[in-house]
Structure formats: C-alpha cells, structure tokens
Amino acid sequence: MTTTIARRGTKRPPVPGTPVAMNGAALVAHAMRQVRPDVVAAYPITPQTVITETFSEFVANGRVHTEFVPVESEHAAMSACIGAACAGARVQTATSGPGLALMWEVLGIASGLRLPIVMHLCTRALSAPIDILCDHSDAMAMRETGWVMLVGENVQEAYDNAIMAVKIAEDPRVSLPVANLLDGFVVTHCMERAELLPDDAVTEFVGEYSPTHPLLDLQHPVTVGALDFHDYYMEHRRQQEEGMANAKQAVEHAAREFASLFGRSYGLLDTYQLEDAEVAMVVIGSAAGTLRMVVDGLRREGVRAGLLRVRCLRPFPSQEVANALKGVQRIGVLDRSLALGAAGEPLWSDVVAALATHGAGHPVTGWVYGVGGRNTPPGQFRQAFLALLDPATQPGRAGYLGLRERR
C-alpha cells in the first residue's frame, strides 16, 4: 500500500511511523535502504560495522537495489564513492575514528568536487593508545574538510538526520557531502524506542536524484579534478565556501519539510531552559540527555540553568548561537575531544568565535569530558555548572571532568 504524505500547507496529520525497539546503527541502515542509494562502498570498523552489515543484508535479500562495494580500506571506500558520485550516482558510506583518518586524503576531494555524498560517522576515539569507544576526536578533526556535519543525540535523531542529509547534500544551492554524526556505542549500539517511517514516504521525501554534471552524460562533457593552481583555485574554494554558507538554509529547509510531513521538529540548535538562564552549557551529541536532567535538578534548587545543543557543527551557526546565549551571564562548553597545544578545545573555540563575532562578550569556560568513552555521571556535569556560578572561575580552559590522575 502506498502512503500519501501531506505537503506543507495542507491540513493532513503527520505520517505515522511504526514504533520499533532498535539501536541507532540498525536504524541508520534502514534509512539508507529507504533512500535507495545507487552505490554504497564501505569497509568494516567498530562501532560502524553494524550499519554496513545490516545494509549488506538488505542488498543480499533484495530489499534494496544498490551496488554494494566491499572495498579493501576506508581510503578505497571514499575513492569508490567519489568515482560513483562523479558518474552521477546517489552514493553513501559509513566509518568511524581510524577509518575516517585513513580517508583523510580524499575527504577534501569529495567536497572540492562538490559531490553530494552522505557518510554516517560513528564517532570514535583516535589511537594511540588503542580505544574503540566514543569521543569526538575524529569528528573535530574533520571540521575543516568542507563537509556539512549534522550531530544527532539519540537513535531517532540519527535515523532522521540520515534521511534529511540526502536532501541537504543534493540541494543545488549546496552540492556538498554531508556527514551524519552519531556517538559510537552510545547511539550506535543502544536500544531505544523509535519510529520507523514508511518506506514510500521516505522515498518520496528525498525524491529522485538528478546529478548536475555527471561524467557519463556524453552529450555534455565536463572536466573533473583538473589542475587548478593559482589561476582559479582561490575562486573555486570561495565557491565551495558559498555552498557551505547556503547549507545553513538547506538544513533549516529540510527540517521544516520533515516536520511538516512527519511531525518531528529539528533546527540548527536545540535549546533547553535558556529563556531566563543565568548559566548555560553548550554541548553536542548524546550527553545532552544527561545534561537536561542536571538542568532540571538545578532548577528545582533555584539555579537558573540552561542547555544549548548544537545540531549543525558545519556550517557552524554562529549568529544563532550568539542569539541563543545573549542573555546568559556565564557560559560553559563541554568538549568530548582535545585540541593539543591550542588555546582551547574545538567546540569551545567555535562558541568563543561566534560570540566575539556577533558582539556578545560573555565569559566562556571549557571542560573536557568523556574522552575515550569515559563515563561522565550527572554529578560531574553538576560540578561544572556550579563552577560557573563561582566568581573565581576564569574563562578559558578549566580542565577535565572525571580525571583520575593526581595533578
């Protein structure tokens, strides 16, 4: 039976989903099946492997007609994705941590060639020492490679972002690859209740892909990947930045259409109790759920605490972040990664730059938490909030939450 989805401006209720208990990796694999990519090239790596294992089963069982390419490395995976996307295919892949590092050389090629590839990045610590658990060091290292980056909090959002990412990447104003970030193990392997949308509704939402300059269109030949040097390299990079700037509108547009059809609303940011907050934390990813509990507890004690979760890491929504935090007197930022030798950690640096650019000169204090999969209980987040209330706490790098060594 075909599902008729309500278009924006109609009075029809949102299309209902089917309740399921499923982990985030399996849900993302279902989203991939529903958007029907022409080519998927991937190499297994923990904790991403569940995505490509599940999707390969869909291919083997005839549930999706995708050319699945089991390559010999992540570098080869992205290279195969680039070739297929240049030919005019809708293309996806998935990876984690060291796999992303092995792709490094070709990440910038995918974005520089303006290829709307979608990658599902299951965030994982980078070695050494060897660690397969969650932090954001891989994602933060990726920030300047020209990919649009969406960050989910839970299994439902990882699934929904996987669907919206296709529309964002293929938006002609953007034409850039999109990374769908979900926290390794915390989201990829945890079972939660979610809603699985009807296949035909998702297929209709993303639409048919119509490539702009496919190499296989022999009637309209183009040159791809030519030498540029000083002649026009700067102009092409500026055009790439224009596409990245346009991505902010594309993210919002896709989210509005998604909400009108399916009833779940997203934006560039997710705010919680910020309207009258005197102290607030900024975070990305799955820790936001725990932080909401901490905010609620502090509110019951009379502390006006709030939370800002950044959903769109690139392009970073500087104006929106500054607007959301303009009434907050003391701001904290929680980074699940390190920036060795820098003035502060990656998310902290983005927030500080956003506030400075848009005239909000509030002090911003940063903490590192959860690196290498370290559990951060609510009490440690509470300590960071209380430190913000202490006049003796200075802006800048405050230190680590839950550090075990004596210093």
# chains A, B, ... in the order shown; residues from 1 in each chain; ligands from 1
call {"tool": "residues_around", "arguments": {"residues": "range 354-369 of chain A", "least_positions_apart": "3", "cutoff": "7 Å", "atoms": "only C-alpha atoms", "output": "count of residues only"}}
result
26
call {"tool": "closest_atom_pairs", "arguments": {"of": "range 303-373 of chain A", "to": "range 115-132 of chain A", "cutoff": "9 Å", "atoms": "only C-alpha atoms", "output": "Markdown table"}}
result
| residue | atom | partner | partner_atom | distance |
| --- | --- | --- | --- | --- |
| A:Ser337 | CA | A:Ala125 | CA | 8.4 |
| A:Val371 | CA | A:Ala125 | CA | 7.3 |
| A:Gly372 | CA | A:Ala125 | CA | 5.4 |
| A:Gly373 | CA | A:Ala125 | CA | 7.8 |
call {"tool": "closest_residue", "arguments": {"among": "A:Pro198, A:Pro391, A:Gly402, A:Gly83", "to": "Phe262 in chain A", "atoms": "only C-alpha atoms"}}
result
A:Pro198
call {"tool": "residues_around", "arguments": {"residues": "Thr212 in chain A", "least_positions_apart": "5", "cutoff": "10 Å", "atoms": "only C-alpha atoms", "output": "count of residues only"}}
result
7
call {"tool": "select_by_dssp", "arguments": {"residues": "range 266-393 of chain A", "states": "helix (DSSP H, G or I)", "output": "short mmCIF file (atom, residue, chain, number, x, y, z; two decimals) with N, CA and C atoms, in the first residue's frame"}}
result
data_model
loop_
_atom_site.label_atom_id
_atom_site.label_comp_id
_atom_site.auth_asym_id
_atom_site.auth_seq_id
_atom_site.Cartn_x
_atom_site.Cartn_y
_atom_site.Cartn_z
N GLY A 285 25.89 16.09 20.73
CA GLY A 285 25.81 14.65 20.87
C GLY A 285 24.97 14.15 22.02
N SER A 286 25.23 12.90 22.41
CA SER A 286 24.35 12.15 23.30
C SER A 286 24.37 12.62 24.74
N ALA A 287 25.38 13.38 25.16
CA ALA A 287 25.44 13.84 26.55
C ALA A 287 24.31 14.80 26.89
N ALA A 288 23.63 15.34 25.89
CA ALA A 288 22.58 16.33 26.14
C ALA A 288 21.46 15.78 27.01
N GLY A 289 21.14 14.50 26.86
CA GLY A 289 20.08 13.93 27.68
C GLY A 289 20.40 13.97 29.16
N THR A 290 21.63 13.60 29.51
CA THR A 290 22.06 13.67 30.91
C THR A 290 22.07 15.11 31.40
N LEU A 291 22.52 16.02 30.54
CA LEU A 291 22.59 17.43 30.95
C LEU A 291 21.21 18.02 31.20
N ARG A 292 20.21 17.58 30.47
CA ARG A 292 18.85 18.07 30.74
C ARG A 292 18.40 17.67 32.14
N MET A 293 18.75 16.45 32.54
CA MET A 293 18.42 16.01 33.90
C MET A 293 19.12 16.90 34.93
N VAL A 294 20.37 17.25 34.68
CA VAL A 294 21.12 18.10 35.59
C VAL A 294 20.49 19.50 35.65
N VAL A 295 20.12 20.02 34.49
CA VAL A 295 19.46 21.32 34.44
C VAL A 295 18.17 21.30 35.26
N ASP A 296 17.37 20.26 35.10
CA ASP A 296 16.12 20.16 35.85
C ASP A 296 16.38 20.14 37.36
N GLY A 297 17.41 19.39 37.77
CA GLY A 297 17.74 19.33 39.19
C GLY A 297 18.17 20.68 39.74
N LEU A 298 18.99 21.40 38.97
CA LEU A 298 19.44 22.72 39.41
C LEU A 298 18.27 23.71 39.45
N ARG A 299 17.37 23.59 38.52
CA ARG A 299 16.19 24.46 38.52
C ARG A 299 15.37 24.26 39.79
N ARG A 300 15.25 23.01 40.21
CA ARG A 300 14.49 22.74 41.45
C ARG A 300 15.17 23.36 42.66
N SER A 318 26.88 30.49 13.80
CA SER A 318 27.45 31.49 14.71
C SER A 318 26.41 32.49 15.20
N GLN A 319 25.65 33.06 14.27
CA GLN A 319 24.66 34.06 14.66
C GLN A 319 23.61 33.47 15.58
N GLU A 320 23.17 32.27 15.26
CA GLU A 320 22.13 31.62 16.06
C GLU A 320 22.64 31.26 17.45
N VAL A 321 23.89 30.84 17.55
CA VAL A 321 24.48 30.55 18.86
C VAL A 321 24.57 31.82 19.69
N ALA A 322 25.03 32.90 19.08
CA ALA A 322 25.13 34.17 19.81
C ALA A 322 23.76 34.65 20.27
N ASN A 323 22.76 34.51 19.41
CA ASN A 323 21.41 34.93 19.79
C ASN A 323 20.87 34.09 20.95
N ALA A 324 21.13 32.78 20.89
CA ALA A 324 20.60 31.89 21.92
C ALA A 324 21.23 32.17 23.28
N LEU A 325 22.48 32.62 23.28
CA LEU A 325 23.22 32.80 24.54
C LEU A 325 23.31 34.26 24.98
N PRO A 346 37.88 22.28 20.53
CA PRO A 346 37.24 22.69 19.27
C PRO A 346 35.89 23.38 19.42
N LEU A 347 34.95 22.75 20.17
CA LEU A 347 33.64 23.38 20.30
C LEU A 347 33.75 24.69 21.08
N TRP A 348 34.58 24.71 22.11
CA TRP A 348 34.82 25.94 22.86
C TRP A 348 35.30 27.05 21.92
N SER A 349 36.22 26.73 21.04
CA SER A 349 36.76 27.74 20.12
C SER A 349 35.67 28.26 19.19
N ASP A 350 34.81 27.37 18.70
CA ASP A 350 33.72 27.81 17.83
C ASP A 350 32.75 28.74 18.56
N VAL A 351 32.43 28.39 19.80
CA VAL A 351 31.49 29.21 20.57
C VAL A 351 32.10 30.58 20.87
N VAL A 352 33.36 30.60 21.30
CA VAL A 352 34.03 31.87 21.60
C VAL A 352 34.07 32.75 20.37
N ALA A 353 34.41 32.17 19.22
CA ALA A 353 34.47 32.94 17.98
C ALA A 353 33.10 33.47 17.59
N ALA A 354 32.05 32.65 17.79
CA ALA A 354 30.70 33.09 17.45
C ALA A 354 30.28 34.29 18.31
N LEU A 355 30.54 34.21 19.60
CA LEU A 355 30.16 35.30 20.50
C LEU A 355 30.95 36.56 20.20
N ALA A 356 32.24 36.41 19.94
CA ALA A 356 33.07 37.58 19.64
C ALA A 356 32.65 38.24 18.33
N THR A 357 32.33 37.42 17.33
CA THR A 357 31.95 37.94 16.02
C THR A 357 30.66 38.74 16.09
N VAL A 371 36.37 11.55 27.22
CA VAL A 371 37.33 11.16 26.18
C VAL A 371 37.60 9.66 26.28
N GLY A 372 37.67 9.00 25.13
CA GLY A 372 37.93 7.57 25.10
C GLY A 372 36.82 6.72 25.66
N GLY A 373 35.60 7.27 25.72
CA GLY A 373 34.46 6.53 26.24
C GLY A 373 34.28 6.63 27.74
N PRO A 378 26.00 12.33 36.10
CA PRO A 378 25.37 13.65 36.27
C PRO A 378 26.08 14.54 37.28
N GLY A 379 26.64 13.94 38.35
CA GLY A 379 27.29 14.74 39.37
C GLY A 379 28.46 15.55 38.84
N GLN A 380 29.17 15.03 37.88
CA GLN A 380 30.31 15.76 37.33
C GLN A 380 29.84 16.94 36.46
N PHE A 381 28.77 16.73 35.71
CA PHE A 381 28.21 17.86 34.96
C PHE A 381 27.67 18.92 35.91
N ARG A 382 27.09 18.47 37.02
CA ARG A 382 26.58 19.42 38.02
C ARG A 382 27.73 20.26 38.59
N GLN A 383 28.87 19.64 38.84
CA GLN A 383 30.02 20.37 39.35
C GLN A 383 30.46 21.47 38.39
N ALA A 384 30.38 21.18 37.09
CA ALA A 384 30.76 22.19 36.10
C ALA A 384 29.78 23.36 36.13
N PHE A 385 28.49 23.08 36.25
CA PHE A 385 27.51 24.14 36.36
C PHE A 385 27.78 25.01 37.60
N LEU A 386 28.03 24.35 38.72
CA LEU A 386 28.27 25.10 39.96
C LEU A 386 29.55 25.92 39.87
N ALA A 387 30.53 25.41 39.14
CA ALA A 387 31.77 26.18 38.96
C ALA A 387 31.50 27.46 38.18
N LEU A 388 30.55 27.41 37.26
CA LEU A 388 30.20 28.62 36.52
C LEU A 388 29.62 29.69 37.44
N LEU A 389 28.95 29.26 38.50
CA LEU A 389 28.37 30.21 39.45
C LEU A 389 29.42 30.82 40.37
#
call {"tool": "select_by_dssp", "arguments": {"residues": "range 196-364 of chain A", "states": "strand (DSSP E or B)", "output": "list of chain:residue names"}}
result
A:Leu196, A:Leu269, A:Asp270, A:Thr271, A:Tyr272, A:Val279, A:Ala280, A:Met281, A:Val282, A:Val283, A:Ala305, A:Gly306, A:Leu307, A:Leu308, A:Arg309, A:Val310, A:Cys312, A:Leu313, A:Arg314, A:Arg330, A:Ile331, A:Gly332, A:Val333, A:Leu334, A:Asp335, A:Val364
call {"tool": "residues_around", "arguments": {"residues": "Pro37 in chain A", "least_positions_apart": "4", "cutoff": "9 Å", "atoms": "only C-alpha atoms", "output": "PDB file with C-alpha atoms, in the first residue's frame"}}
result
ATOM      1  CA  MET A  32      19.891   4.045   3.839  1.00  0.00           C
ATOM      2  CA  ARG A  33      17.619   1.331   2.465  1.00  0.00           C
ATOM      3  CA  VAL A  64      17.194  -2.529  -1.942  1.00  0.00           C
ATOM      4  CA  HIS A  65      18.833  -2.496  -5.368  1.00  0.00           C
ATOM      5  CA  THR A  66      22.163  -0.936  -4.506  1.00  0.00           C
ATOM      6  CA  GLU A  67      25.616  -1.749  -5.813  1.00  0.00           C
ATOM      7  CA  ALA A  89      25.084   8.034  -8.717  1.00  0.00           C
ATOM      8  CA  ARG A  90      23.487   8.668  -5.338  1.00  0.00           C
ATOM      9  CA  VAL A  91      26.231   7.449  -3.005  1.00  0.00           C
ATOM     10  CA  GLN A  92      26.668   6.682   0.697  1.00  0.00           C
TER      11      GLN A  92
END
call {"tool": "atom_distance", "arguments": {"atom1": "CA of Thr393 in chain A", "atom2": "CA of Ala339 in chain A"}}
result
21.0 Å
call {"tool": "closest_residue", "arguments": {"among": "A:Val106, A:Leu100, A:Met191, A:Leu218", "to": "Asp138 in chain A", "atoms": "only C-alpha atoms"}}
result
A:Leu100
call {"tool": "decode", "arguments": {"residues": "range 273-316 of chain A", "atoms": "N, CA and C atoms", "output": "PDB file, in the first residue's frame"}}
result
ATOM      1  N   GLN A 273      15.585  25.379  28.420  1.00  0.00           N
ATOM      2  CA  GLN A 273      15.544  26.261  29.596  1.00  0.00           C
ATOM      3  C   GLN A 273      16.509  27.443  29.460  1.00  0.00           C
ATOM      4  N   LEU A 274      16.625  27.978  28.260  1.00  0.00           N
ATOM      5  CA  LEU A 274      17.558  29.085  28.052  1.00  0.00           C
ATOM      6  C   LEU A 274      16.903  30.454  28.205  1.00  0.00           C
ATOM      7  N   GLU A 275      15.573  30.508  28.219  1.00  0.00           N
ATOM      8  CA  GLU A 275      14.889  31.802  28.172  1.00  0.00           C
ATOM      9  C   GLU A 275      15.333  32.749  29.289  1.00  0.00           C
ATOM     10  N   ASP A 276      15.495  32.217  30.504  1.00  0.00           N
ATOM     11  CA  ASP A 276      15.889  33.074  31.636  1.00  0.00           C
ATOM     12  C   ASP A 276      17.156  32.579  32.311  1.00  0.00           C
ATOM     13  N   ALA A 277      17.955  31.766  31.585  1.00  0.00           N
ATOM     14  CA  ALA A 277      19.121  31.129  32.199  1.00  0.00           C
ATOM     15  C   ALA A 277      20.200  32.160  32.544  1.00  0.00           C
ATOM     16  N   GLU A 278      20.789  31.983  33.731  1.00  0.00           N
ATOM     17  CA  GLU A 278      21.954  32.790  34.105  1.00  0.00           C
ATOM     18  C   GLU A 278      23.250  32.039  33.838  1.00  0.00           C
ATOM     19  N   VAL A 279      23.185  30.705  33.831  1.00  0.00           N
ATOM     20  CA  VAL A 279      24.329  29.875  33.451  1.00  0.00           C
ATOM     21  C   VAL A 279      23.846  28.846  32.437  1.00  0.00           C
ATOM     22  N   ALA A 280      24.701  28.505  31.493  1.00  0.00           N
ATOM     23  CA  ALA A 280      24.294  27.546  30.461  1.00  0.00           C
ATOM     24  C   ALA A 280      25.498  26.772  29.978  1.00  0.00           C
ATOM     25  N   MET A 281      25.256  25.531  29.567  1.00  0.00           N
ATOM     26  CA  MET A 281      26.274  24.687  28.962  1.00  0.00           C
ATOM     27  C   MET A 281      25.958  24.508  27.482  1.00  0.00           C
ATOM     28  N   VAL A 282      27.022  24.408  26.682  1.00  0.00           N
ATOM     29  CA  VAL A 282      26.916  24.122  25.253  1.00  0.00           C
ATOM     30  C   VAL A 282      27.545  22.756  25.013  1.00  0.00           C
ATOM     31  N   VAL A 283      26.875  21.930  24.208  1.00  0.00           N
ATOM     32  CA  VAL A 283      27.335  20.561  24.013  1.00  0.00           C
ATOM     33  C   VAL A 283      26.865  20.063  22.660  1.00  0.00           C
ATOM     34  N   ILE A 284      27.460  18.991  22.165  1.00  0.00           N
ATOM     35  CA  ILE A 284      26.935  18.265  21.022  1.00  0.00           C
ATOM     36  C   ILE A 284      26.778  16.798  21.419  1.00  0.00           C
ATOM     37  N   GLY A 285      25.893  16.092  20.730  1.00  0.00           N
ATOM     38  CA  GLY A 285      25.809  14.653  20.873  1.00  0.00           C
ATOM     39  C   GLY A 285      24.967  14.151  22.023  1.00  0.00           C
ATOM     40  N   SER A 286      25.226  12.903  22.408  1.00  0.00           N
ATOM     41  CA  SER A 286      24.352  12.150  23.298  1.00  0.00           C
ATOM     42  C   SER A 286      24.374  12.617  24.743  1.00  0.00           C
ATOM     43  N   ALA A 287      25.379  13.381  25.156  1.00  0.00           N
ATOM     44  CA  ALA A 287      25.442  13.841  26.550  1.00  0.00           C
ATOM     45  C   ALA A 287      24.310  14.802  26.885  1.00  0.00           C
ATOM     46  N   ALA A 288      23.628  15.342  25.886  1.00  0.00           N
ATOM     47  CA  ALA A 288      22.584  16.332  26.138  1.00  0.00           C
ATOM     48  C   ALA A 288      21.462  15.779  27.010  1.00  0.00           C
ATOM     49  N   GLY A 289      21.144  14.503  26.858  1.00  0.00           N
ATOM     50  CA  GLY A 289      20.081  13.926  27.677  1.00  0.00           C
ATOM     51  C   GLY A 289      20.404  13.968  29.159  1.00  0.00           C
ATOM     52  N   THR A 290      21.629  13.604  29.515  1.00  0.00           N
ATOM     53  CA  THR A 290      22.058  13.673  30.915  1.00  0.00           C
ATOM     54  C   THR A 290      22.069  15.112  31.403  1.00  0.00           C
ATOM     55  N   LEU A 291      22.524  16.020  30.544  1.00  0.00           N
ATOM     56  CA  LEU A 291      22.595  17.427  30.946  1.00  0.00           C
ATOM     57  C   LEU A 291      21.210  18.016  31.196  1.00  0.00           C
ATOM     58  N   ARG A 292      20.205  17.585  30.469  1.00  0.00           N
ATOM     59  CA  ARG A 292      18.846  18.075  30.739  1.00  0.00           C
ATOM     60  C   ARG A 292      18.402  17.669  32.141  1.00  0.00           C
ATOM     61  N   MET A 293      18.747  16.453  32.536  1.00  0.00           N
ATOM     62  CA  MET A 293      18.424  16.014  33.901  1.00  0.00           C
ATOM     63  C   MET A 293      19.120  16.903  34.930  1.00  0.00           C
ATOM     64  N   VAL A 294      20.371  17.247  34.676  1.00  0.00           N
ATOM     65  CA  VAL A 294      21.118  18.103  35.594  1.00  0.00           C
ATOM     66  C   VAL A 294      20.491  19.495  35.647  1.00  0.00           C
ATOM     67  N   VAL A 295      20.117  20.017  34.488  1.00  0.00           N
ATOM     68  CA  VAL A 295      19.463  21.325  34.445  1.00  0.00           C
ATOM     69  C   VAL A 295      18.171  21.301  35.256  1.00  0.00           C
ATOM     70  N   ASP A 296      17.373  20.257  35.102  1.00  0.00           N
ATOM     71  CA  ASP A 296      16.121  20.156  35.852  1.00  0.00           C
ATOM     72  C   ASP A 296      16.377  20.140  37.359  1.00  0.00           C
ATOM     73  N   GLY A 297      17.408  19.389  37.770  1.00  0.00           N
ATOM     74  CA  GLY A 297      17.736  19.334  39.191  1.00  0.00           C
ATOM     75  C   GLY A 297      18.174  20.682  39.736  1.00  0.00           C
ATOM     76  N   LEU A 298      18.988  21.399  38.971  1.00  0.00           N
ATOM     77  CA  LEU A 298      19.436  22.722  39.406  1.00  0.00           C
ATOM     78  C   LEU A 298      18.269  23.705  39.447  1.00  0.00           C
ATOM     79  N   ARG A 299      17.365  23.587  38.520  1.00  0.00           N
ATOM     80  CA  ARG A 299      16.190  24.460  38.523  1.00  0.00           C
ATOM     81  C   ARG A 299      15.370  24.259  39.790  1.00  0.00           C
ATOM     82  N   ARG A 300      15.253  23.011  40.213  1.00  0.00           N
ATOM     83  CA  ARG A 300      14.489  22.736  41.445  1.00  0.00           C
ATOM     84  C   ARG A 300      15.168  23.365  42.661  1.00  0.00           C
ATOM     85  N   GLU A 301      16.481  23.577  42.568  1.00  0.00           N
ATOM     86  CA  GLU A 301      17.226  24.211  43.659  1.00  0.00           C
ATOM     87  C   GLU A 301      17.274  25.730  43.522  1.00  0.00           C
ATOM     88  N   GLY A 302      16.627  26.264  42.506  1.00  0.00           N
ATOM     89  CA  GLY A 302      16.593  27.704  42.322  1.00  0.00           C
ATOM     90  C   GLY A 302      17.674  28.263  41.431  1.00  0.00           C
ATOM     91  N   VAL A 303      18.489  27.407  40.818  1.00  0.00           N
ATOM     92  CA  VAL A 303      19.542  27.859  39.913  1.00  0.00           C
ATOM     93  C   VAL A 303      18.967  27.952  38.506  1.00  0.00           C
ATOM     94  N   ARG A 304      19.093  29.109  37.888  1.00  0.00           N
ATOM     95  CA  ARG A 304      18.560  29.290  36.534  1.00  0.00           C
ATOM     96  C   ARG A 304      19.592  28.766  35.528  1.00  0.00           C
ATOM     97  N   ALA A 305      19.536  27.462  35.317  1.00  0.00           N
ATOM     98  CA  ALA A 305      20.472  26.785  34.416  1.00  0.00           C
ATOM     99  C   ALA A 305      19.789  26.502  33.086  1.00  0.00           C
ATOM    100  N   GLY A 306      20.595  26.385  32.028  1.00  0.00           N
ATOM    101  CA  GLY A 306      20.069  26.090  30.705  1.00  0.00           C
ATOM    102  C   GLY A 306      21.071  25.288  29.892  1.00  0.00           C
ATOM    103  N   LEU A 307      20.617  24.860  28.721  1.00  0.00           N
ATOM    104  CA  LEU A 307      21.427  23.992  27.863  1.00  0.00           C
ATOM    105  C   LEU A 307      21.248  24.412  26.405  1.00  0.00           C
ATOM    106  N   LEU A 308      22.347  24.435  25.682  1.00  0.00           N
ATOM    107  CA  LEU A 308      22.322  24.660  24.241  1.00  0.00           C
ATOM    108  C   LEU A 308      23.034  23.499  23.561  1.00  0.00           C
ATOM    109  N   ARG A 309      22.305  22.766  22.735  1.00  0.00           N
ATOM    110  CA  ARG A 309      22.899  21.667  21.964  1.00  0.00           C
ATOM    111  C   ARG A 309      23.023  22.108  20.513  1.00  0.00           C
ATOM    112  N   VAL A 310      24.224  22.000  19.978  1.00  0.00           N
ATOM    113  CA  VAL A 310      24.475  22.353  18.584  1.00  0.00           C
ATOM    114  C   VAL A 310      24.219  21.132  17.720  1.00  0.00           C
ATOM    115  N   ARG A 311      23.287  21.242  16.783  1.00  0.00           N
ATOM    116  CA  ARG A 311      22.950  20.139  15.882  1.00  0.00           C
ATOM    117  C   ARG A 311      23.738  20.197  14.588  1.00  0.00           C
ATOM    118  N   CYS A 312      24.076  21.397  14.160  1.00  0.00           N
ATOM    119  CA  CYS A 312      24.792  21.580  12.896  1.00  0.00           C
ATOM    120  C   CYS A 312      26.188  22.089  13.227  1.00  0.00           C
ATOM    121  N   LEU A 313      27.160  21.186  13.173  1.00  0.00           N
ATOM    122  CA  LEU A 313      28.534  21.562  13.520  1.00  0.00           C
ATOM    123  C   LEU A 313      29.213  22.322  12.391  1.00  0.00           C
ATOM    124  N   ARG A 314      28.890  21.956  11.152  1.00  0.00           N
ATOM    125  CA  ARG A 314      29.353  22.689   9.980  1.00  0.00           C
ATOM    126  C   ARG A 314      28.223  22.730   8.959  1.00  0.00           C
ATOM    127  N   PRO A 315      27.854  23.914   8.472  1.00  0.00           N
ATOM    128  CA  PRO A 315      28.403  25.207   8.873  1.00  0.00           C
ATOM    129  C   PRO A 315      27.999  25.553  10.297  1.00  0.00           C
ATOM    130  N   PHE A 316      28.936  26.119  11.058  1.00  0.00           N
ATOM    131  CA  PHE A 316      28.638  26.440  12.443  1.00  0.00           C
ATOM    132  C   PHE A 316      27.686  27.632  12.494  1.00  0.00           C
TER     133      PHE A 316
END
